[in-house]
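Taking it in order: structure first as structure tokens, then the write-up.
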Amino acid sequence: MRTVSTAGAVRLADLIHRDPIAEVYSGHLIGSGTPVMVTLARRRSDGSPREVFLDWGARLTRLSTHPHIAPIAAVGLTENGRPYLAVETTRATFTDVLREGGPPPAGQIRAFGVALADTLREIHAVGLIHGAIQPSTVLSGAGRKLLVSGFDATAPALARSLPTGPYTPPEHIDASLAGAVHASPAGDVYSLATMLYSALGGRLPWMRGQRSDVSDPMLRAAPIPNIPGISVALTDVLSQAMHPDPRNRPDAEGLRHMLAALDAADPVAPGDKPTDVHPAMLPQSGPRPTGLSGGADVVVPARCRKRRRLRIPRPVKFAAAVLLALMSVAGAGYATFAATNRDDAACPSTGELTSQLQTTLADSVVTDRLCGADGYVGVTMRGSQPDDEQVPRRVVLREVDGSWQLLTDCNADVPPAISEYVGCA
């Protein structure tokens with residue numbers, strides 16, 4: 001039985017997970033009712049450890065306004081001195097996005113990489129290290145905006161050793177196998193690059209079929225292969241960020257500049273683009289496992305408990321239980337993901353967009369696109385001749401009353417993901 005019912009301005013609800021270091025609860029902010037997930041230390045902190053945690057919390061709070069960091073609802077100490085971190089919830093993780101939709105377009109991954117590398121730059125600039133960048137700790141918000149969460153992986157008084165996995169940098173494998181907490185800025189860059197590479201459908205040398213050899217030093221030192229149908233320049237940048245020697249990797253700011261400067265459309269490696277992401281690269285849980293669908297430590301379907309209050313006729317209860325079980329196994333996050341993201345089936349192909357664009361720019365060909373809400377589409381276009389050396393351009397199109405409008409500037413109504421894609425965020 002827990003000894004507290006509140007943590008600062010947060011009222012605790014259900015116990016989701018418990019380990020020797022901390023407990024994870026669902027809850028809500030007192031007053032506003034905003035749903036949150038709370039990571040609460042099992043022991044009180046006094047003296048120097050207490051001050052270290054409060055300093056860490058103050059640094060994290062300064063990051064809470066960053067557009068790609070999950071909103072920090074509260075961080076502090078309970079009345080009996082136990083450190084806690086409360087993060088506002090969301091309904092889907094990047095794991096859900098990749099499992100349901102497969103590899104996104106290369107241009108979208110490039111835009112995600114620019115945004116998340118900039119986020120790591122801000123994190124490192126205030127003296128913090130994330131330590132657990134992977135699809136299950138990156139949340140998918142409205143308009144497919146990615147939000148970094150899972151900061152309890154390296155939080156004083158909350159940190160725990162993470163199991164060795166495909167996102168573990170090679171220089172931290174020995175510490176991971178020994179059960180020690182391991183993190184570094186160079187390790188964050190490695191994990192982010194690994195996530196982007198796997199999101200493109202890349203198969204790493206240490207992922208053999210369904211088997212993983214993540215701790216094999218020889219495989220970890222092997223060259224990173226190109227991905228069929230994906231820009232060689234893009235995979236070269238990610239390969240550099242996954243260099244086995246951390247001294248040879250760019251820092252977060254360097255990775256951001258490298259990704260922002262390249263053209264993710266051409267030339268591409270021979271072969272057909274992958275249609276799925278390797279299952280071993282899609283962890284269900286972040287720093288701490290949960291029993292909830294969606295997998296991340298901050299995922300709480302806010303309406304689930306309200307649905308339990310509905311009165312269901314007795315003959316239907318058995319069928320409902322079976323249906324809920326199937327949803328849990330097959331991915332219950334799909335419904336909420338579909339509700340906040342445009343269906344790719346409704347997204348026009350590059351050929352359709354080329355036809356529309358050529359009514360205004362006759363010699364233009366669309367080589368990549370990213371669809372957003374309210375009819376907005378970001379496109380990469382270049383000249384129609386095969387030997388055309390024109391620098392690719394990225395512009396915004398919007399469908400209005402069945403016709404397409406070419407926007408010369410990003411306005412306030414353009415979705416953030418589209419703005420990032422075309423470079424006018």
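Chain labels follow the order of the structure tokens: the first chain is A, the next B, and so on; residue numbering restarts at 1 in every chain, and ligands are counted from 1 in their shown order.
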Write out, as a tab-separated table, each residue of segment 124-164 of chain A that has an atom at most 12 Å from segment 36-40 of chain A, together with the closest pair of atoms and their distance in Å to one decimal, counting only C-alpha atoms, rows going by chain and rising number.
residue	atom	partner	partner_atom	distance
A:Ser149	CA	A:Met37	CA	11.0
A:Gly150	CA	A:Thr39	CA	9.9
A:Phe151	CA	A:Thr39	CA	10.0
A:Asp152	CA	A:Thr39	CA	7.3
A:Ala153	CA	A:Thr39	CA	10.4
A:Ala155	CA	A:Thr39	CA	10.2
A:Pro156	CA	A:Leu40	CA	11.6
A:Ala157	CA	A:Leu40	CA	9.2
A:Leu158	CA	A:Leu40	CA	7.4
A:Ala159	CA	A:Thr39	CA	10.3
A:Arg160	CA	A:Thr39	CA	11.9
Residue contacts of Arg110 of chain A (12 Å, only C-alpha atoms) excluding same-chain residues fewer than 5 positions away, as a short mmCIF file (atom, residue, chain, number, x, y, z; two decimals) with N, CA, C and O atoms, in the first residue's frame:
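Below is the file around.cif, written as the result:
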data_model
loop_
_atom_site.label_atom_id
_atom_site.label_comp_id
_atom_site.auth_asym_id
_atom_site.auth_seq_id
_atom_site.Cartn_x
_atom_site.Cartn_y
_atom_site.Cartn_z
N PRO A 104 8.17 6.18 -42.39
CA PRO A 104 7.69 7.42 -43.01
C PRO A 104 8.58 7.81 -44.18
O PRO A 104 9.67 7.26 -44.36
N PRO A 105 8.16 8.79 -45.00
CA PRO A 105 9.02 9.28 -46.09
C PRO A 105 10.35 9.79 -45.56
O PRO A 105 10.43 10.30 -44.44
N ALA A 115 14.51 18.39 -35.90
CA ALA A 115 13.80 18.86 -34.70
C ALA A 115 14.35 18.19 -33.43
O ALA A 115 14.58 18.86 -32.41
N LEU A 116 14.58 16.89 -33.47
CA LEU A 116 15.02 16.18 -32.28
C LEU A 116 16.48 16.45 -31.97
O LEU A 116 16.88 16.48 -30.80
N ALA A 117 17.32 16.63 -33.00
CA ALA A 117 18.71 17.01 -32.74
C ALA A 117 18.78 18.38 -32.07
O ALA A 117 19.59 18.61 -31.17
N LEU A 192 19.76 8.71 -31.01
CA LEU A 192 18.86 9.41 -31.93
C LEU A 192 19.12 8.96 -33.37
O LEU A 192 18.17 8.68 -34.11
N ALA A 193 20.38 8.87 -33.77
CA ALA A 193 20.69 8.45 -35.13
C ALA A 193 20.22 7.02 -35.37
O ALA A 193 19.71 6.69 -36.45
N MET A 195 17.66 5.57 -33.94
CA MET A 195 16.21 5.62 -34.06
C MET A 195 15.80 6.09 -35.45
O MET A 195 14.89 5.51 -36.08
N LEU A 196 16.45 7.12 -35.98
CA LEU A 196 16.11 7.62 -37.30
C LEU A 196 16.43 6.59 -38.38
O LEU A 196 15.65 6.39 -39.32
N TYR A 197 17.57 5.93 -38.26
CA TYR A 197 17.97 4.91 -39.24
C TYR A 197 16.97 3.76 -39.25
O TYR A 197 16.54 3.30 -40.31
N ALA A 199 13.89 3.88 -38.23
CA ALA A 199 12.58 4.38 -38.67
C ALA A 199 12.48 4.40 -40.19
O ALA A 199 11.39 4.31 -40.75
N LEU A 200 13.61 4.50 -40.89
CA LEU A 200 13.63 4.44 -42.35
C LEU A 200 13.52 3.00 -42.86
O LEU A 200 13.41 2.79 -44.07
N ILE A 230 16.56 4.85 -50.30
CA ILE A 230 16.74 5.99 -49.40
C ILE A 230 18.01 6.73 -49.77
O ILE A 230 19.01 6.14 -50.18
N SER A 231 17.98 8.05 -49.61
CA SER A 231 19.12 8.89 -49.94
C SER A 231 20.40 8.39 -49.28
O SER A 231 20.45 8.18 -48.06
N ALA A 233 23.07 10.15 -49.00
CA ALA A 233 23.56 11.24 -48.17
C ALA A 233 22.96 11.20 -46.78
O ALA A 233 23.64 11.45 -45.78
N LEU A 234 21.67 10.86 -46.69
CA LEU A 234 21.01 10.78 -45.40
C LEU A 234 21.59 9.66 -44.55
O LEU A 234 21.91 9.85 -43.37
N THR A 235 21.75 8.48 -45.14
CA THR A 235 22.30 7.36 -44.36
C THR A 235 23.76 7.61 -44.01
O THR A 235 24.24 7.15 -42.96
N VAL A 237 25.04 10.53 -43.16
CA VAL A 237 25.01 11.39 -41.97
C VAL A 237 24.67 10.57 -40.73
O VAL A 237 25.32 10.71 -39.68
N LEU A 238 23.67 9.70 -40.84
CA LEU A 238 23.28 8.88 -39.68
C LEU A 238 24.40 7.92 -39.32
O LEU A 238 24.64 7.65 -38.13
N LEU A 255 24.90 17.50 -35.70
CA LEU A 255 23.97 16.59 -36.38
C LEU A 255 22.79 17.37 -36.96
O LEU A 255 22.34 17.10 -38.08
N ARG A 256 22.30 18.35 -36.21
CA ARG A 256 21.18 19.16 -36.71
C ARG A 256 21.58 19.87 -38.00
O ARG A 256 20.82 19.86 -38.98
N HIS A 257 22.75 20.49 -38.03
CA HIS A 257 23.18 21.22 -39.22
C HIS A 257 23.38 20.26 -40.40
O HIS A 257 23.01 20.59 -41.54
N MET A 258 23.94 19.09 -40.15
CA MET A 258 24.18 18.13 -41.22
C MET A 258 22.87 17.66 -41.84
O MET A 258 22.74 17.54 -43.05
N LEU A 259 21.87 17.38 -40.99
CA LEU A 259 20.58 16.93 -41.50
C LEU A 259 19.85 18.04 -42.23
O LEU A 259 19.21 17.81 -43.26
N ALA A 260 19.93 19.26 -41.71
CA ALA A 260 19.22 20.38 -42.34
C ALA A 260 19.80 20.72 -43.70
O ALA A 260 19.09 21.22 -44.58
N ALA A 261 21.09 20.44 -43.91
CA ALA A 261 21.75 20.85 -45.15
C ALA A 261 21.60 19.86 -46.28
O ALA A 261 21.81 20.21 -47.44
N LEU A 262 21.23 18.62 -45.99
CA LEU A 262 21.23 17.61 -47.06
C LEU A 262 19.89 17.52 -47.77
O LEU A 262 18.86 17.98 -47.26
N ASP A 263 19.93 16.91 -48.95
CA ASP A 263 18.72 16.62 -49.72
C ASP A 263 18.41 15.15 -49.55
O ASP A 263 19.21 14.29 -49.96
N ALA A 264 17.29 14.84 -48.92
CA ALA A 264 16.94 13.46 -48.61
C ALA A 264 16.31 12.72 -49.79
O ALA A 264 15.92 11.58 -49.66
N ALA A 265 16.22 13.36 -50.95
CA ALA A 265 15.49 12.75 -52.06
C ALA A 265 16.39 12.08 -53.09
O ALA A 265 16.00 11.10 -53.71
N ASP A 368 9.43 14.14 -53.25
CA ASP A 368 9.10 13.69 -51.89
C ASP A 368 7.99 14.58 -51.37
O ASP A 368 7.82 15.72 -51.83
N ARG A 369 7.21 14.08 -50.41
CA ARG A 369 6.15 14.91 -49.85
C ARG A 369 5.85 14.49 -48.43
O ARG A 369 6.14 13.38 -48.01
N LEU A 370 5.29 15.44 -47.67
CA LEU A 370 4.84 15.22 -46.29
C LEU A 370 3.48 15.85 -46.14
O LEU A 370 3.32 17.06 -46.32
N ALA A 417 4.85 20.51 -38.32
CA ALA A 417 5.65 19.48 -39.01
C ALA A 417 5.94 19.88 -40.45
O ALA A 417 7.04 19.63 -40.97
N ILE A 418 4.96 20.53 -41.11
CA ILE A 418 5.17 20.98 -42.48
C ILE A 418 6.18 22.13 -42.51
O ILE A 418 7.06 22.18 -43.38
N GLU A 420 8.62 22.65 -40.43
CA GLU A 420 9.95 22.08 -40.23
C GLU A 420 10.45 21.40 -41.49
O GLU A 420 11.63 21.48 -41.84
N TYR A 421 9.56 20.72 -42.18
CA TYR A 421 9.94 19.98 -43.38
C TYR A 421 10.49 20.91 -44.46
O TYR A 421 11.50 20.62 -45.10
N VAL A 422 9.82 22.04 -44.67
CA VAL A 422 10.26 22.95 -45.74
C VAL A 422 11.32 23.94 -45.25
O VAL A 422 11.87 24.68 -46.05
N GLY A 423 11.58 23.95 -43.92
CA GLY A 423 12.65 24.78 -43.42
C GLY A 423 12.28 26.20 -43.09
O GLY A 423 13.13 27.10 -43.11
#
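When DSSP is run on the backbone, the residues of segment 189-275 of chain A that fall into strand (DSSP E or B) are Met207, Arg208, Arg211, Ser212, Pro228, Ser231, Val268 and Ala269 of chain A.
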For this session: Would you mind writing down, as a VMD selection string, each residue of segment 56-270 of chain A that DSSP on the backbone assigns to helix (DSSP H, G or I)?
Result: chain A and resid 56 to 62 94 to 101 106 to 125 135 to 137 142 to 144 151 to 153 170 to 177 185 to 199 217 to 220 232 to 241 246 to 248 252 to 261
Exercise. Leaving out Ser26 of chain A and any residue of its chain fewer than 4 positions from it, which residues lie within 8 Å of it when counting only C-alpha atoms, given as a ChimeraX atom specification?
Worked result: /A:12-16,35-38,300
File dump, residues just selected, C-alpha atoms, as a CSV table (one decimal), in the first residue's frame:
chain,number,residue,atom,x,y,z
A,12,LEU,CA,-2.1,10.0,-7.5
A,13,ALA,CA,-4.4,7.4,-8.9
A,14,ASP,CA,-3.4,3.9,-10.2
A,15,LEU,CA,0.0,2.3,-9.5
A,16,ILE,CA,1.4,1.3,-12.9
A,35,PRO,CA,-3.9,13.8,-16.7
A,36,VAL,CA,-0.2,13.1,-15.9
A,37,MET,CA,2.1,10.2,-15.2
A,38,VAL,CA,4.2,10.4,-12.1
A,300,VAL,CA,-2.3,7.0,-20.2
Problem set entry | Distance criterion (only C-alpha atoms): nearest to Ala241 of chain A out of A:Gly27, A:Pro20, A:Pro169, A:Gly57 | A:Pro169
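Restricting the calculation to only C-alpha atoms, the smallest distance between Ser176 of chain A and any of A:Ile224, A:Leu162, A:Val189, A:Leu128 is found for A:Leu162.
Between Val181 of chain A and the candidates A:Pro287, A:Trp206, A:Val10, A:Ser198, the tightest atom-to-atom separation, counting only C-alpha atoms, involves A:Pro287.
Atom to atom, atom CA of Gly76 of chain A and atom CA of Gly141 of chain A stand 25.4 Å apart.
One finds atom CA of Gly187 of chain A at 21.8 Å from atom CA of Asn226 of chain A.
Near Leu407 of chain A, within a cut-off of 7 Å and counting only C-alpha atoms, sit the residues Val395, Val396 and Leu397 of chain A, with same-chain residues fewer than 4 positions away left out.
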Print the selection's residues with C-alpha atoms to a file, as a compact mmCIF listing (two decimals), in the first residue's frame.
# COMPACT_ATOMS: atom_id res chain seq x y z
CA VAL A 395 7.44 24.49 -50.83
CA VAL A 396 4.01 24.28 -49.21
CA LEU A 397 0.84 23.38 -51.09
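The closest residue to Tyr190 of chain A, picked from A:Ala74, A:Met207, A:Leu120, A:Ala175 and counting only C-alpha atoms, is A:Leu120.
In terms of minimum interatomic distance to Arg288 of chain A, A:Ile21 ranks closest within A:Ile21, A:Ala180, A:Ala7, A:Leu357, counting only C-alpha atoms.
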For this session: Fewer than 5 positions away in the same chain doesn't count, so skip those; otherwise give me all residues within 12 Å of Thr164 of chain A, counting only C-alpha atoms, as a list of chain:residue names.
Result: A:Ala132, A:Pro169, A:Pro170, A:Glu171, A:His172, A:Ile173, A:Asp174, A:Ala175, A:Ser176, A:Leu177, A:Ala178, A:Gly179, A:Ala180, A:Val181, A:His182, A:Ser212, A:Asp213, A:Val214, A:Ser215, A:Asp216, A:Pro283, A:Pro287
